[in-house]
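The structure under discussion appears below in the form of structure tokens.
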Amino acid sequence: MKVLVTGAAGFIGSHAAQRFLARGDEVVGLDNLNDYYDVNLKRARLARLETEPGFRFVKLDLADQGGMANLFKREKFARVVHLAAQAGVRYSLENPHAYVSSNVTGTLNVLEGCRHNAVEHLVFASTSSVYGAHTDMPFSVHSEVGHPLSMYASTKRANELMAHNYAWLFGLPVTGLRFFTVYGPWGRPDMALFLFAKNILAGKPIDVFNHGHHRRDFTYVDDIVEGVVRATDRIAQPNPAWDSARPDPASSRAPFRLYNIGNNRPVELLRYIEVIEDCLGRKAEKNLLPLQPGDVPDTEADVQDLIDDVGYRPDTPIEVGVRRFIDWYLAYYKGGSPGESRVVNLG
């Protein structure tokens, strides 16, 4: 089938596009190649995809209403996997307008494209950040999430609400996936794993927020992508048991579903750093800092719905996933060092 993958030059998007191509789907990859981080890394991800005969790249900004409408009309996609977004919790404190343009306006254009062109199923990326001020863990998609702590989280929660609107009003099947701290080869340079490896190798201190006592549900990218592909194949259906007197936030009388994708095994940040040190054979000099605005102390995913509905749960331990990242990092940079990143994101 023909699949649109937005954010195809991005970390998760490039992995997802490869997975669809590997099973024989035709993939159109969309990206605007913005300079939030190293464009050369994005181009390198695309270069891997462009060796596949079933892949075509379209450079286009999600916020370009006319361009997006023409793309959908021309291509007639069967499924859409919407992974493009302005990412990063901390950068959203500096440049909130970028998040509204990409994540809100851009997602509206995707929804409109799907609505008017008979797309069978839209799967879109949300984030564990929508749980915000919640401390009742593991985080459940059946809980209300009305207290996000960053503009990034707010725009992603808006995406969920917008998607439900289109499912309810127009019968568009939509599935939202809340990702939990994704890491792995070809990752984003603003993420903690990337920056920790870079600074440890350079003999520089690493900034460790919340004095290292964050607990995160670190989830390996291949596990995320397996969940994305399985969710794409399972077209969202209305929940016949949905009760408007006790509304379930994760489903609807419309064809709408939400799932968490997380490892369901939170790890303290200090332990995560130990694994990085072991893989590099070097110790880190730690600059211990307080909790940053917009961050949440802990995350843990309840993935039971994912198991029940799509038959899958992430299971890659950090010792395996971090080793794979370090092996890629050392090979890709050949002992060198990437450029500076603007901000650090734990995710």
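Residue numbers start at 1 in each chain; chains themselves are named A, B, ... in the order of the structure tokens; ligands are numbered from 1 in the order shown.
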As a PyMOL selection string, please: all residues of range 24-194 of chain A that backbone DSSP puts in alpha helix (DSSP H). chain A and resi 39-49+65-75+91-94+96-99+106-116+151-170+192-194
For Asn70 in chain A: contacts at 12 Å, only C-alpha atoms, fewer than 4 positions along chain excluded, given as a PyMOL selection string: chain A and resi 58+60+62+64-66+74-76+109-110+112-114+116-117
Create the file for the chosen residues now, containing N, CA, C and O atoms and written as a PDB file, in the first residue's frame.
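Dumped to result.pdb:
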```
ATOM      1  N   VAL A  58       9.588  14.084  -0.545  1.00  0.00           N
ATOM      2  CA  VAL A  58       8.968  15.367  -0.864  1.00  0.00           C
ATOM      3  C   VAL A  58       9.403  16.362   0.205  1.00  0.00           C
ATOM      4  O   VAL A  58       9.134  16.152   1.393  1.00  0.00           O
ATOM      5  N   LEU A  60       8.655  19.533   1.974  1.00  0.00           N
ATOM      6  CA  LEU A  60       7.459  20.354   2.124  1.00  0.00           C
ATOM      7  C   LEU A  60       7.243  20.635   3.599  1.00  0.00           C
ATOM      8  O   LEU A  60       7.465  19.769   4.445  1.00  0.00           O
ATOM      9  N   LEU A  62       4.795  21.219   6.687  1.00  0.00           N
ATOM     10  CA  LEU A  62       3.434  20.847   7.076  1.00  0.00           C
ATOM     11  C   LEU A  62       2.488  22.037   7.114  1.00  0.00           C
ATOM     12  O   LEU A  62       1.282  21.901   6.871  1.00  0.00           O
ATOM     13  N   ASP A  64       2.320  24.491   5.153  1.00  0.00           N
ATOM     14  CA  ASP A  64       1.988  24.978   3.812  1.00  0.00           C
ATOM     15  C   ASP A  64       0.656  24.365   3.393  1.00  0.00           C
ATOM     16  O   ASP A  64       0.592  23.248   2.876  1.00  0.00           O
ATOM     17  N   GLN A  65      -0.416  25.108   3.614  1.00  0.00           N
ATOM     18  CA  GLN A  65      -1.769  24.567   3.401  1.00  0.00           C
ATOM     19  C   GLN A  65      -1.982  24.112   1.961  1.00  0.00           C
ATOM     20  O   GLN A  65      -2.466  23.001   1.711  1.00  0.00           O
ATOM     21  N   GLY A  66      -1.620  24.956   1.018  1.00  0.00           N
ATOM     22  CA  GLY A  66      -1.820  24.616  -0.386  1.00  0.00           C
ATOM     23  C   GLY A  66      -0.960  23.444  -0.823  1.00  0.00           C
ATOM     24  O   GLY A  66      -1.430  22.542  -1.536  1.00  0.00           O
ATOM     25  N   ARG A  74      -2.871  14.571  -5.069  1.00  0.00           N
ATOM     26  CA  ARG A  74      -2.091  13.932  -6.120  1.00  0.00           C
ATOM     27  C   ARG A  74      -1.777  12.467  -5.806  1.00  0.00           C
ATOM     28  O   ARG A  74      -1.845  11.601  -6.679  1.00  0.00           O
ATOM     29  N   GLU A  75      -1.448  12.184  -4.555  1.00  0.00           N
ATOM     30  CA  GLU A  75      -0.893  10.873  -4.212  1.00  0.00           C
ATOM     31  C   GLU A  75      -1.935   9.834  -3.810  1.00  0.00           C
ATOM     32  O   GLU A  75      -1.708   8.633  -3.969  1.00  0.00           O
ATOM     33  N   LYS A  76      -3.059  10.254  -3.227  1.00  0.00           N
ATOM     34  CA  LYS A  76      -4.101   9.310  -2.802  1.00  0.00           C
ATOM     35  C   LYS A  76      -3.536   8.205  -1.902  1.00  0.00           C
ATOM     36  O   LYS A  76      -3.591   7.021  -2.222  1.00  0.00           O
ATOM     37  N   ASN A 109      -3.481  20.490   8.737  1.00  0.00           N
ATOM     38  CA  ASN A 109      -3.356  20.249   7.303  1.00  0.00           C
ATOM     39  C   ASN A 109      -3.309  18.757   6.981  1.00  0.00           C
ATOM     40  O   ASN A 109      -3.832  18.321   5.944  1.00  0.00           O
ATOM     41  N   VAL A 110      -2.687  17.974   7.855  1.00  0.00           N
ATOM     42  CA  VAL A 110      -2.688  16.517   7.671  1.00  0.00           C
ATOM     43  C   VAL A 110      -4.105  15.966   7.822  1.00  0.00           C
ATOM     44  O   VAL A 110      -4.561  15.138   7.011  1.00  0.00           O
ATOM     45  N   GLU A 112      -6.940  17.509   7.374  1.00  0.00           N
ATOM     46  CA  GLU A 112      -7.738  17.932   6.221  1.00  0.00           C
ATOM     47  C   GLU A 112      -7.405  17.096   4.991  1.00  0.00           C
ATOM     48  O   GLU A 112      -8.283  16.700   4.226  1.00  0.00           O
ATOM     49  N   GLY A 113      -6.121  16.808   4.787  1.00  0.00           N
ATOM     50  CA  GLY A 113      -5.724  15.971   3.661  1.00  0.00           C
ATOM     51  C   GLY A 113      -6.328  14.586   3.747  1.00  0.00           C
ATOM     52  O   GLY A 113      -6.811  14.025   2.743  1.00  0.00           O
ATOM     53  N   CYS A 114      -6.313  14.010   4.943  1.00  0.00           N
ATOM     54  CA  CYS A 114      -6.909  12.682   5.133  1.00  0.00           C
ATOM     55  C   CYS A 114      -8.418  12.715   4.919  1.00  0.00           C
ATOM     56  O   CYS A 114      -8.992  11.838   4.259  1.00  0.00           O
ATOM     57  N   HIS A 116     -10.319  14.692   3.114  1.00  0.00           N
ATOM     58  CA  HIS A 116     -10.805  14.963   1.757  1.00  0.00           C
ATOM     59  C   HIS A 116     -10.317  13.956   0.720  1.00  0.00           C
ATOM     60  O   HIS A 116     -10.703  14.055  -0.455  1.00  0.00           O
ATOM     61  N   ASN A 117      -9.492  12.998   1.136  1.00  0.00           N
ATOM     62  CA  ASN A 117      -8.900  12.087   0.151  1.00  0.00           C
ATOM     63  C   ASN A 117      -9.012  10.618   0.547  1.00  0.00           C
ATOM     64  O   ASN A 117      -8.204   9.796   0.128  1.00  0.00           O
TER      65      ASN A 117
END
```
Based on the backbone DSSP call, show me all residues of range 35-141 of chain A assigned strand (DSSP E), as a PyMOL selection string. chain A and resi 55-59+79-82+121-127
Would you write out, as JSON lines, a table of all residues in range 25-141 of chain A that have an atom no more than 9 Å from an atom of range 259-281 of chain A, listing for each the closest atom pair and the distance in Å to one decimal, considering only C-alpha atoms and ordering rows by chain and rising residue number?
```
{"residue": "A:Ser126", "atom": "CA", "partner": "A:Asn260", "partner_atom": "CA", "distance": 9.0}
{"residue": "A:Thr127", "atom": "CA", "partner": "A:Asn260", "partner_atom": "CA", "distance": 8.4}
{"residue": "A:Ser128", "atom": "CA", "partner": "A:Asn260", "partner_atom": "CA", "distance": 7.7}
{"residue": "A:Pro138", "atom": "CA", "partner": "A:Asn264", "partner_atom": "CA", "distance": 7.9}
{"residue": "A:Phe139", "atom": "CA", "partner": "A:Asn260", "partner_atom": "CA", "distance": 8.4}
{"residue": "A:Ser140", "atom": "CA", "partner": "A:Asn260", "partner_atom": "CA", "distance": 7.6}
{"residue": "A:Val141", "atom": "CA", "partner": "A:Tyr259", "partner_atom": "CA", "distance": 6.3}
```
Can I get the selected residues back with N, CA and C atoms, as a tab-separated table (two decimals), in the first residue's frame?
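Below is the file part-v3.tsv, written as the result:
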```tsv
chain	number	residue	atom	x	y	z
A	126	SER	N	1.98	11.16	19.46
A	126	SER	CA	1.83	12.03	20.60
A	126	SER	C	3.03	11.77	21.53
A	127	THR	N	2.90	12.09	22.79
A	127	THR	CA	4.06	12.02	23.67
A	127	THR	C	3.64	11.78	25.12
A	128	SER	N	4.54	11.17	25.87
A	128	SER	CA	4.31	10.99	27.32
A	128	SER	C	4.26	12.33	28.04
A	138	PRO	N	1.70	3.55	36.82
A	138	PRO	CA	2.06	3.93	35.45
A	138	PRO	C	0.99	4.80	34.79
A	139	PHE	N	1.44	5.68	33.90
A	139	PHE	CA	0.52	6.56	33.20
A	139	PHE	C	-0.41	5.74	32.31
A	140	SER	N	-1.70	6.03	32.40
A	140	SER	CA	-2.70	5.28	31.65
A	140	SER	C	-3.40	6.18	30.65
A	141	VAL	N	-3.63	5.65	29.45
A	141	VAL	CA	-4.38	6.40	28.44
A	141	VAL	C	-5.84	6.59	28.85
```
Within 12 Å of range 93-107 of chain A: each range 237-308 of chain A residue with its shortest pair, only C-alpha atoms, as JSON lines:
```
{"residue": "A:Gln292", "atom": "CA", "partner": "A:Leu93", "partner_atom": "CA", "distance": 10.8}
{"residue": "A:Pro293", "atom": "CA", "partner": "A:Leu93", "partner_atom": "CA", "distance": 8.4}
{"residue": "A:Gly294", "atom": "CA", "partner": "A:Leu93", "partner_atom": "CA", "distance": 8.0}
{"residue": "A:Asp295", "atom": "CA", "partner": "A:Leu93", "partner_atom": "CA", "distance": 11.0}
```
Distance CA of Arg19 in chain A-CA of Phe180 in chain A, one decimal place? 19.6 Å
Would you give me, as JSON lines, each residue of range 47-136 of chain A having an atom within 10 Å of an atom of range 232-250 of chain A, along with its shortest atom pair and that distance in Å to one decimal, using only C-alpha atoms and sorting by chain and residue number?
```
{"residue": "A:Arg79", "atom": "CA", "partner": "A:Thr232", "partner_atom": "CA", "distance": 7.4}
{"residue": "A:Val80", "atom": "CA", "partner": "A:Thr232", "partner_atom": "CA", "distance": 8.3}
{"residue": "A:Val81", "atom": "CA", "partner": "A:Thr232", "partner_atom": "CA", "distance": 7.5}
{"residue": "A:Glu120", "atom": "CA", "partner": "A:Ile235", "partner_atom": "CA", "distance": 7.5}
{"residue": "A:His121", "atom": "CA", "partner": "A:Ile235", "partner_atom": "CA", "distance": 5.8}
{"residue": "A:Leu122", "atom": "CA", "partner": "A:Thr232", "partner_atom": "CA", "distance": 7.5}
{"residue": "A:Val123", "atom": "CA", "partner": "A:Thr232", "partner_atom": "CA", "distance": 6.1}
{"residue": "A:Phe124", "atom": "CA", "partner": "A:Thr232", "partner_atom": "CA", "distance": 9.4}
```
Next, the residues of the selection above should be written as a PDB file, in the first residue's frame with C-alpha atoms.
```pdb
ATOM      1  CA  ARG A  79      -2.496   5.199   5.189  1.00  0.00           C
ATOM      2  CA  VAL A  80      -0.785   8.212   6.780  1.00  0.00           C
ATOM      3  CA  VAL A  81       1.795   7.982   9.559  1.00  0.00           C
ATOM      4  CA  GLU A 120      -8.137   4.618   5.405  1.00  0.00           C
ATOM      5  CA  HIS A 121      -6.279   5.296   8.651  1.00  0.00           C
ATOM      6  CA  LEU A 122      -4.247   8.113  10.192  1.00  0.00           C
ATOM      7  CA  VAL A 123      -1.692   7.199  12.862  1.00  0.00           C
ATOM      8  CA  PHE A 124      -0.028  10.127  14.610  1.00  0.00           C
TER       9      PHE A 124
END
```
